[in-house]
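Peer 1: My structure file input.pdb, PDB, C-alpha atoms and all ligand atoms, is below:
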ATOM      1  CA  MET A  16       0.000   0.000   0.000
ATOM      2  CA  ALA A  17       1.429   3.314  -1.127
ATOM      3  CA  SER A  18       1.883   5.897   1.541
ATOM      4  CA  LYS A  19       0.069   9.191   1.114
ATOM      5  CA  ALA A  20       2.372  12.046  -0.039
ATOM      6  CA  ARG A  21       2.776  14.633   2.662
ATOM      7  CA  THR A  22       2.605  18.284   1.692
ATOM      8  CA  PRO A  23       5.589  20.098   3.067
ATOM      9  CA  SER A  24       4.778  22.928   5.410
ATOM     10  CA  PRO A  25       6.717  26.202   5.762
ATOM     11  CA  SER A  26       7.657  25.098   9.267
ATOM     12  CA  ASP A  27       9.543  22.178   7.776
ATOM     13  CA  GLY A  28      11.798  24.491   5.824
ATOM     14  CA  ALA A  29      12.305  26.685   8.830
ATOM     15  CA  THR A  30      13.247  23.635  10.896
ATOM     16  CA  LYS A  31      15.678  22.522   8.268
ATOM     17  CA  GLN A  32      17.175  25.976   7.960
ATOM     18  CA  SER A  33      17.612  26.184  11.674
ATOM     19  CA  THR A  34      19.601  22.970  11.690
ATOM     20  CA  ARG A  35      21.711  23.859   8.645
ATOM     21  CA  LEU A  36      25.061  25.433   9.220
ATOM     22  CA  PRO A  37      25.468  28.947   7.805
ATOM     23  CA  LYS A  38      27.626  29.338   4.721
ATOM     24  CA  ASN A  39      30.055  31.593   6.512
ATOM     25  CA  GLY A  40      31.420  28.733   8.396
ATOM     26  CA  GLY A  41      29.165  28.889  11.386
ATOM     27  CA  GLN A  42      29.687  32.515  12.358
ATOM     28  CA  VAL A  43      26.515  34.189  13.554
ATOM     29  CA  ALA A  44      25.598  37.600  12.125
ATOM     30  CA  ALA A  45      25.390  40.447  14.624
ATOM     31  CA  TYR A  46      21.854  41.486  13.371
ATOM     32  CA  PRO A  47      20.020  38.571  11.749
ATOM     33  CA  ALA A  48      17.680  39.433   8.847
ATOM     34  CA  HIS A  49      14.843  37.184  10.034
ATOM     35  CA  GLY A  50      13.371  35.943  13.200
ATOM     36  CA  ARG A  51      13.269  37.343  16.649
ATOM     37  CA  GLY A  52      16.422  39.418  16.277
ATOM     38  CA  ALA A  53      14.947  41.555  13.429
ATOM     39  CA  ARG A  54      12.471  43.190  15.828
ATOM     40  CA  GLN A  55      15.154  44.272  18.239
ATOM     41  CA  GLU A  56      15.775  47.820  16.906
ATOM     42  CA  SER A  57      18.073  50.343  18.421
ATOM     43  CA  PRO A  58      16.523  53.172  20.527
ATOM     44  CA  ARG A  59      17.672  55.706  17.903
ATOM     45  CA  ALA A  60      15.736  53.950  15.114
ATOM     46  CA  PHE A  61      12.656  53.822  17.336
ATOM     47  CA  ARG A  62      12.706  57.569  17.947
ATOM     48  CA  THR A  63      12.666  58.404  14.202
ATOM     49  CA  LYS A  64       9.273  56.737  13.604
ATOM     50  CA  GLY A  65       7.034  59.714  14.674
ATOM     51  CA  PHE A  66       6.825  63.476  15.226
ATOM     52  CA  THR A  67       7.264  65.066  18.574
ATOM     53  CA  LEU A  68       4.774  67.723  19.628
ATOM     54  CA  VAL A  69       7.305  70.446  18.902
ATOM     55  CA  GLU A  70       7.916  69.138  15.382
ATOM     56  CA  LEU A  71       4.157  68.902  14.769
ATOM     57  CA  ALA A  72       3.665  72.471  15.946
ATOM     58  CA  ILE A  73       6.390  73.676  13.586
ATOM     59  CA  VAL A  74       4.808  71.848  10.636
ATOM     60  CA  LEU A  75       1.378  73.324  11.401
ATOM     61  CA  PHE A  76       2.908  76.792  11.681
ATOM     62  CA  VAL A  77       4.581  76.466   8.284
ATOM     63  CA  ILE A  78       1.356  75.184   6.685
ATOM     64  CA  THR A  79      -0.552  78.147   8.137
ATOM     65  CA  LEU A  80       1.993  80.564   6.668
ATOM     66  CA  LEU A  81       1.783  78.891   3.264
ATOM     67  CA  LEU A  82      -2.040  78.944   3.207
ATOM     68  CA  GLY A  83      -2.114  82.588   4.267
ATOM     69  CA  GLY A  84       0.301  83.472   1.498
ATOM     70  CA  MET A  85      -1.836  81.649  -1.071
ATOM     71  CA  LEU A  86      -5.275  82.953  -0.061
ATOM     72  CA  THR A  87      -4.452  86.667  -0.274
ATOM     73  CA  PRO A  88      -3.226  86.561  -3.890
ATOM     74  CA  LEU A  89      -6.293  84.458  -4.756
ATOM     75  CA  SER A  90      -8.697  87.163  -3.564
ATOM     76  CA  GLN A  91      -6.666  89.742  -5.465
ATOM     77  CA  GLN A  92      -6.818  87.627  -8.591
ATOM     78  CA  ILE A  93     -10.618  87.375  -8.335
ATOM     79  CA  ALA A  94     -10.957  91.151  -7.884
ATOM     80  CA  GLU A  95      -8.673  91.827 -10.850
ATOM     81  CA  ARG A  96     -10.595  89.366 -13.021
ATOM     82  CA  GLN A  97     -13.910  91.013 -12.104
ATOM     83  CA  ASN A  98     -12.491  94.420 -12.986
ATOM     84  CA  SER A  99     -11.127  93.044 -16.249
ATOM     85  CA  ASP A 100     -14.453  91.389 -17.129
ATOM     86  CA  THR A 101     -16.351  94.613 -16.434
ATOM     87  CA  ARG A 102     -13.945  96.679 -18.509
ATOM     88  CA  HIS A 103     -14.474  94.178 -21.300
ATOM     89  CA  ALA A 104     -18.265  94.604 -20.898
ATOM     90  CA  LEU A 105     -17.857  98.388 -21.147
ATOM     91  CA  ASP A 106     -15.763  98.044 -24.307
ATOM     92  CA  SER A 107     -18.344  95.662 -25.788
ATOM     93  CA  ALA A 108     -21.101  98.145 -24.963
ATOM     94  CA  ARG A 109     -19.241 100.937 -26.713
ATOM     95  CA  THR A 110     -18.747  98.795 -29.815
ATOM     96  CA  ALA A 111     -22.414  97.761 -29.738
ATOM     97  CA  LEU A 112     -23.483 101.427 -29.554
ATOM     98  CA  ALA A 113     -21.510 102.153 -32.720
ATOM     99  CA  GLY A 114     -23.058  99.061 -34.304
ATOM    100  CA  TYR A 115     -26.533 100.328 -33.463
ATOM    101  CA  ALA A 116     -25.770 103.656 -35.134
ATOM    102  CA  LEU A 117     -24.504 101.845 -38.242
ATOM    103  CA  SER A 118     -27.851 100.110 -38.637
ATOM    104  CA  HIS A 119     -30.228 102.921 -37.622
ATOM    105  CA  ARG A 120     -30.653 105.953 -39.888
ATOM    106  CA  ASP A 121     -33.134 108.795 -40.034
ATOM    107  CA  ASN A 122     -35.067 109.527 -43.232
ATOM    108  CA  THR A 123     -32.086 111.451 -44.620
ATOM    109  CA  GLY A 124     -29.663 108.595 -43.980
ATOM    110  CA  LYS A 125     -27.959 110.000 -40.903
ATOM    111  CA  PRO A 126     -27.208 107.622 -38.050
ATOM    112  CA  TYR A 127     -28.189 108.007 -34.443
ATOM    113  CA  LEU A 128     -27.481 106.290 -31.138
ATOM    114  CA  PRO A 129     -29.932 104.325 -28.975
ATOM    115  CA  CYS A 130     -31.791 105.860 -26.052
ATOM    116  CA  PRO A 131     -31.256 104.744 -22.430
ATOM    117  CA  ASP A 132     -33.521 102.225 -20.711
ATOM    118  CA  ARG A 133     -35.140 104.525 -18.196
ATOM    119  CA  PHE A 134     -35.236 104.029 -14.439
ATOM    120  CA  ASN A 135     -38.935 104.774 -13.929
ATOM    121  CA  GLY A 136     -42.161 104.787 -15.907
ATOM    122  CA  GLY A 137     -43.393 102.584 -18.714
ATOM    123  CA  GLY A 138     -40.798 100.199 -20.086
ATOM    124  CA  ALA A 139     -38.374 100.882 -17.236
ATOM    125  CA  GLY A 140     -35.759  98.229 -16.509
ATOM    126  CA  ASP A 141     -36.643  95.932 -19.418
ATOM    127  CA  GLY A 142     -33.356  96.415 -21.276
ATOM    128  CA  GLU A 143     -35.112  98.084 -24.225
ATOM    129  CA  GLU A 144     -34.393 101.668 -25.201
ATOM    130  CA  ASP A 145     -37.166 104.112 -24.325
ATOM    131  CA  ARG A 146     -37.910 106.488 -27.181
ATOM    132  CA  LEU A 147     -40.799 108.945 -27.520
ATOM    133  CA  THR A 148     -43.097 108.949 -30.534
ATOM    134  CA  ASP A 149     -41.390 112.073 -31.877
ATOM    135  CA  GLY A 150     -38.086 110.199 -32.133
ATOM    136  CA  ARG A 151     -36.399 111.746 -29.100
ATOM    137  CA  CYS A 152     -35.255 109.843 -26.060
ATOM    138  CA  ALA A 153     -37.533 109.591 -23.029
ATOM    139  CA  THR A 154     -34.522 110.320 -20.808
ATOM    140  CA  VAL A 155     -30.915 111.426 -21.120
ATOM    141  CA  VAL A 156     -29.685 109.262 -18.208
ATOM    142  CA  GLY A 157     -30.725 105.672 -17.558
ATOM    143  CA  ASN A 158     -29.382 102.177 -17.927
ATOM    144  CA  LEU A 159     -27.706 100.671 -20.953
ATOM    145  CA  PRO A 160     -30.419  99.172 -23.215
ATOM    146  CA  TRP A 161     -28.693  95.799 -23.051
ATOM    147  CA  HIS A 162     -31.527  93.902 -24.691
ATOM    148  CA  THR A 163     -31.739  96.332 -27.605
ATOM    149  CA  LEU A 164     -27.976  96.112 -28.103
ATOM    150  CA  GLY A 165     -27.659  92.373 -27.462
ATOM    151  CA  VAL A 166     -24.942  92.717 -24.828
ATOM    152  CA  ALA A 167     -24.530  91.461 -21.256
ATOM    153  CA  GLU A 168     -27.203  92.665 -18.847
ATOM    154  CA  VAL A 169     -24.963  93.176 -15.835
ATOM    155  CA  ASP A 170     -21.361  93.749 -14.866
ATOM    156  CA  ALA A 171     -19.178  91.249 -12.981
ATOM    157  CA  TRP A 172     -20.971  92.138  -9.736
ATOM    158  CA  GLY A 173     -24.550  91.595 -10.970
ATOM    159  CA  ASN A 174     -25.428  95.269 -11.524
ATOM    160  CA  ARG A 175     -26.691  96.937 -14.670
ATOM    161  CA  LEU A 176     -24.570  99.420 -16.552
ATOM    162  CA  GLY A 177     -25.567 103.072 -16.557
ATOM    163  CA  TYR A 178     -25.826 104.936 -19.844
ATOM    164  CA  ALA A 179     -26.243 108.570 -20.815
ATOM    165  CA  VAL A 180     -26.446 109.957 -24.338
ATOM    166  CA  SER A 181     -26.516 113.447 -25.747
ATOM    167  CA  PRO A 182     -29.991 114.164 -27.230
ATOM    168  CA  ASP A 183     -28.387 115.578 -30.386
ATOM    169  CA  TYR A 184     -26.880 112.139 -31.093
ATOM    170  CA  ALA A 185     -29.914 109.983 -30.359
ATOM    171  CA  ASP A 186     -32.815 111.631 -32.199
ATOM    172  CA  ALA A 187     -34.367 109.143 -34.613
ATOM    173  CA  ASN A 188     -35.822 111.961 -36.736
ATOM    174  CA  HIS A 189     -32.670 114.066 -36.783
ATOM    175  CA  GLY A 190     -29.594 111.872 -37.038
ATOM    176  CA  ILE A 191     -26.082 112.867 -36.137
ATOM    177  CA  VAL A 192     -25.310 116.093 -37.904
ATOM    178  CA  HIS A 193     -22.117 117.039 -39.605
ATOM    179  CA  ASN A 194     -18.845 118.038 -38.033
ATOM    180  CA  PRO A 195     -20.515 117.065 -35.321
ATOM    181  CA  VAL A 196     -22.528 119.373 -33.094
ATOM    182  CA  PRO A 197     -20.881 120.290 -29.786
ATOM    183  CA  ALA A 198     -21.540 117.460 -27.376
ATOM    184  CA  THR A 199     -22.184 119.541 -24.301
ATOM    185  CA  GLN A 200     -24.889 117.473 -22.701
ATOM    186  CA  VAL A 201     -22.740 114.619 -21.377
ATOM    187  CA  SER A 202     -19.543 115.346 -19.465
ATOM    188  CA  ILE A 203     -16.673 113.300 -18.040
ATOM    189  CA  CYS A 204     -14.978 114.852 -15.001
ATOM    190  CA  GLN A 205     -11.925 114.088 -12.887
ATOM    191  CA  GLU A 206     -13.723 115.028  -9.648
ATOM    192  CA  ASN A 207     -17.192 116.007  -8.506
ATOM    193  CA  THR A 208     -16.530 119.747  -8.862
ATOM    194  CA  CYS A 209     -15.908 119.041 -12.549
ATOM    195  CA  ALA A 210     -13.513 121.937 -13.048
ATOM    196  CA  GLN A 211     -12.449 120.721 -16.486
ATOM    197  CA  PRO A 212     -15.301 118.733 -18.029
ATOM    198  CA  LEU A 213     -14.666 116.620 -21.080
ATOM    199  CA  ALA A 214     -17.687 116.986 -23.336
ATOM    200  CA  THR A 215     -18.659 113.726 -24.957
ATOM    201  CA  VAL A 216     -21.419 112.019 -26.913
ATOM    202  CA  ALA A 217     -22.277 109.229 -24.515
ATOM    203  CA  ALA A 218     -20.993 107.498 -21.396
ATOM    204  CA  VAL A 219     -21.337 103.969 -20.029
ATOM    205  CA  LEU A 220     -20.845 103.368 -16.330
ATOM    206  CA  SER A 221     -20.301 100.455 -13.959
ATOM    207  CA  HIS A 222     -20.769 101.185 -10.269
ATOM    208  CA  GLY A 223     -17.852  98.925  -9.451
ATOM    209  CA  ARG A 224     -17.309  96.303  -6.813
ATOM    210  CA  ASN A 225     -19.257  98.147  -4.088
ATOM    211  CA  GLY A 226     -22.209  98.615  -6.483
ATOM    212  CA  PHE A 227     -23.464 101.647  -4.569
ATOM    213  CA  GLY A 228     -26.369 103.327  -6.330
ATOM    214  CA  ALA A 229     -26.599 100.722  -9.095
ATOM    215  CA  HIS A 230     -29.760  99.070 -10.381
ATOM    216  CA  ASN A 231     -29.232  95.356  -9.944
ATOM    217  CA  ALA A 232     -30.513  92.496 -12.064
ATOM    218  CA  LEU A 233     -33.567  92.162  -9.786
ATOM    219  CA  GLY A 234     -34.637  95.674 -10.701
ATOM    220  CA  LYS A 235     -33.840  97.030  -7.253
ATOM    221  CA  THR A 236     -31.625  99.984  -6.437
ATOM    222  CA  ASN A 237     -28.580  99.284  -4.274
ATOM    223  CA  LEU A 238     -27.579 101.374  -1.276
ATOM    224  CA  ALA A 239     -26.572 104.926  -2.115
ATOM    225  CA  PRO A 240     -22.873 105.752  -2.241
ATOM    226  CA  VAL A 241     -21.116 107.769   0.428
ATOM    227  CA  SER A 242     -18.318 109.597  -1.353
ATOM    228  CA  ALA A 243     -19.049 112.783  -3.268
ATOM    229  CA  ASP A 244     -17.487 111.418  -6.452
ATOM    230  CA  GLU A 245     -19.681 108.285  -6.497
ATOM    231  CA  LEU A 246     -22.737 110.369  -5.566
ATOM    232  CA  THR A 247     -22.134 112.428  -8.702
ATOM    233  CA  ASN A 248     -22.470 109.254 -10.754
ATOM    234  CA  VAL A 249     -25.943 108.459  -9.401
ATOM    235  CA  ASP A 250     -27.504 111.931  -9.162
ATOM    236  CA  GLY A 251     -29.370 111.585 -12.461
ATOM    237  CA  THR A 252     -27.353 114.242 -14.259
ATOM    238  CA  PRO A 253     -25.310 113.414 -17.390
ATOM    239  CA  ARG A 254     -22.080 114.256 -15.575
ATOM    240  CA  PHE A 255     -19.800 111.386 -14.617
ATOM    241  CA  VAL A 256     -16.654 111.259 -12.518
ATOM    242  CA  MET A 257     -13.868 108.990 -13.628
ATOM    243  CA  HIS A 258     -10.525 108.518 -11.887
ATOM    244  CA  PRO A 259      -8.454 105.675 -10.411
ATOM    245  CA  PRO A 260     -10.029 103.840  -7.459
ATOM    246  CA  THR A 261      -9.621 105.172  -3.936
ATOM    247  CA  ALA A 262     -10.155 103.319  -0.652
ATOM    248  CA  ALA A 263     -12.812 104.154   1.929
ATOM    249  CA  ASP A 264     -10.234 105.471   4.393
ATOM    250  CA  ARG A 265      -9.063 108.197   2.010
ATOM    251  CA  ALA A 266     -10.189 111.782   2.526
ATOM    252  CA  GLU A 267     -12.175 111.790  -0.727
ATOM    253  CA  GLY A 268     -13.911 108.530   0.228
ATOM    254  CA  GLU A 269     -14.329 105.239  -1.597
ATOM    255  CA  PHE A 270     -14.461 105.286  -5.373
ATOM    256  CA  ASP A 271     -14.441 102.192  -7.582
ATOM    257  CA  ASP A 272     -16.709 103.165 -10.487
ATOM    258  CA  LEU A 273     -15.602 102.316 -14.021
ATOM    259  CA  VAL A 274     -16.519 104.646 -16.875
ATOM    260  CA  THR A 275     -16.038 104.603 -20.609
ATOM    261  CA  TRP A 276     -17.247 107.193 -23.065
ATOM    262  CA  ILE A 277     -17.743 107.912 -26.735
ATOM    263  CA  SER A 278     -16.142 111.013 -28.200
ATOM    264  CA  PRO A 279     -17.563 112.606 -31.363
ATOM    265  CA  ALA A 280     -14.369 111.826 -33.283
ATOM    266  CA  TRP A 281     -14.342 108.162 -32.183
ATOM    267  CA  LEU A 282     -17.969 107.703 -33.194
ATOM    268  CA  LEU A 283     -17.830 109.406 -36.576
ATOM    269  CA  GLY A 284     -14.571 107.631 -37.347
ATOM    270  CA  ARG A 285     -16.471 104.342 -37.140
ATOM    271  CA  LEU A 286     -19.649 105.508 -38.814
ATOM    272  CA  CYS A 287     -18.514 107.562 -41.726
ATOM    273  CA  ASP A 288     -16.132 107.680 -44.568
ATOM    274  CA  PRO A 289     -14.954 111.317 -44.341
ATOM    275  CA  ALA A 290     -15.965 111.872 -47.962
ATOM    276  CA  SER A 291     -19.385 110.296 -47.574
ATOM    277  CA  ALA A 292     -22.762 111.951 -47.008
ATOM    278  CA  CYS A 293     -22.723 110.587 -43.454
ATOM    279  CA  ALA A 294     -20.545 113.432 -42.227
ATOM    280  CA  ALA A 295     -21.785 116.027 -44.705
ATOM    281  CA  PRO A 296     -24.259 118.838 -43.929
TER     282      PRO A 296
HETATM  283 CA    CA B   1     -36.988 100.331 -21.444
HETATM  284 CA    CA B   2     -18.891 102.324  -6.835
END
Kindly return the structure encoded in the file as structure tokens.
Peer 2:
Amino acid sequence: MASKARTPSPSDGATKQSTRLPKNGGQVAAYPAHGRGARQESPRAFRTKGFTLVELAIVLFVITLLLGGMLTPLSQQIAERQNSDTRHALDSARTALAGYALSHRDNTGKPYLPCPDRFNGGGAGDGEEDRLTDGRCATVVGNLPWHTLGVAEVDAWGNRLGYAVSPDYADANHGIVHNPVPATQVSICQENTCAQPLATVAAVLSHGRNGFGAHNALGKTNLAPVSADELTNVDGTPRFVMHPPTAADRAEGEFDDLVTWISPAWLLGRLCDPASACAAP
């Protein structure tokens, strides 16, 4: 009767190894690679396995410094991107205004600009220009007729853009006249006293990051501004202050409005060939 083959177990090999002489002639290694001796580590090796409380505190301190250094530039980047996006919206609005004039002519072929979307009354806040039956604008100062122009409704902060246009440049029955007429109705100023106004055809305004005085996308009016310069931009007159931003702790108060404007030369340069009837009497 054949004996049943026995499956060797790992313990067999270990037993055999333990009884076999080492190849180095029987000398025993100071730190064996296997077995009980492998777990006997030196005190120095044991200490390097973890952090002490002091080391942990230092690591947390460094991480806090790194996060603080990263978060501040991130907020600055967001603010700069919002400013850049709004400036792009203002530039797009100015181009769209010229495009409107290219496609709208009175009965003599002279172009004219769109009217503002008014703040109050019929048709207010719908993004459509508000024009009277006689061809004149219902208001000189209002919001940009974003729906009429096909541009963005709001700036980067969710507020509508303001818009003012000289009546002489937005009359549907009397288009822009030659050479052009003095654009005295809309002014750009460096401060609220407006010592040296820059007469212009039209202006487009964003009320900036603080949004004071703006009409938001919900049709509501934001809190009124505090500084005299920003108050000038919401007083309903076609006079707009434009200068670099100032912080709230400055003597002149906070100012973050963004303004662009259309000069007569810029507009006619895009509407007319100088030799064409467009610019002729
Ligand atoms: Ca309207
Ligand atoms: Ca503002």
Peer 1: Given only C-alpha atoms as the basis, pick out the residue of A:Val169, A:Leu105, A:Leu128, A:Cys152 nearest to Ala232 (chain A).
Peer 2: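 Checking each candidate against Ala232 (chain A), we get A:Val169 as the closest.
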Peer 1: Mind dumping a table of every chain A residue within 6 Å of ligand CA 2 (chain B), with the nearest atom pair and its distance in Å to one decimal, using all atoms listed in the file, sorted by chain and rising number, as JSON lines?
Peer 2:
{"residue": "A:His222", "atom": "CA", "partner": "B:CA2", "partner_atom": "CA", "distance": 4.1}
{"residue": "A:Gly223", "atom": "CA", "partner": "B:CA2", "partner_atom": "CA", "distance": 4.4}
{"residue": "A:Asn225", "atom": "CA", "partner": "B:CA2", "partner_atom": "CA", "distance": 5.0}
{"residue": "A:Gly226", "atom": "CA", "partner": "B:CA2", "partner_atom": "CA", "distance": 5.0}
{"residue": "A:Phe227", "atom": "CA", "partner": "B:CA2", "partner_atom": "CA", "distance": 5.1}
{"residue": "A:Phe270", "atom": "CA", "partner": "B:CA2", "partner_atom": "CA", "distance": 5.5}
{"residue": "A:Asp271", "atom": "CA", "partner": "B:CA2", "partner_atom": "CA", "distance": 4.5}
{"residue": "A:Asp272", "atom": "CA", "partner": "B:CA2", "partner_atom": "CA", "distance": 4.3}
Peer 1: Any chance you could resolve the PyMOL selection byres (((not hetatm)) within 6 of (chain B and resi 1)) against this file and give the residues as a PyMOL selection string?
Peer 2: chain A and resi 132-133+138-145
Peer 1: Residues within 9 Å of region 156-168 of chain A, please, as a PyMOL selection string. Count only C-alpha atoms; anything in the same chain fewer than 2 positions from it doesn't count.
Peer 2: chain A and resi 104+107-108+111-112+114-115+129-134+140-145+154+170+173-180+219-220+230+232+251-253
Peer 1: Could you list, with a cut-off of 12 Å and counting all atoms listed in the file, the residues of region 140-227 of chain A near region 85-93 of chain A, each shown with its nearest atom pair and the distance in Å rounded to one decimal, rows sorted by chain and ascending number, as a tab-separated table?
Peer 2:
residue	atom	partner	partner_atom	distance
A:Ala171	CA	A:Ile93	CA	10.5
A:Trp172	CA	A:Ile93	CA	11.5
A:Arg224	CA	A:Ile93	CA	11.3
Peer 1: Quick one: pull the distance between CA of Val274 (chain A) and CA of Arg146 (chain A), Å, one decimal.
Peer 2: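 Value for the CA of Val274 (chain A)-CA of Arg146 (chain A) distance: 23.8 Å.
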Peer 1: Within 9 Å of region 203-216 of chain A, counting all atoms listed in the file, which residues show up once you throw out same-chain ones fewer than 5 positions away? Write them as an MDAnalysis selection string, please.
Peer 2: chainID A and resid 179:184 197:198 243:248 253:258 274 276:279 282
Peer 1: Counting all atoms listed in the file, figure out which residue out of A:Val201, A:Leu238, A:Ala229, A:Ala185 gets nearest to Ala113 (chain A).
Peer 2: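 Going through A:Val201, A:Leu238, A:Ala229, A:Ala185 one by one, the smallest distance to Ala113 (chain A) is for A:Ala185.
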Peer 1: One decimal, Å: what's the distance from CA of Arg96 (chain A) over to CA of Ser221 (chain A), could you say?
Peer 2: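 Result for CA of Arg96 (chain A) versus CA of Ser221 (chain A): 14.8 Å, one decimal.
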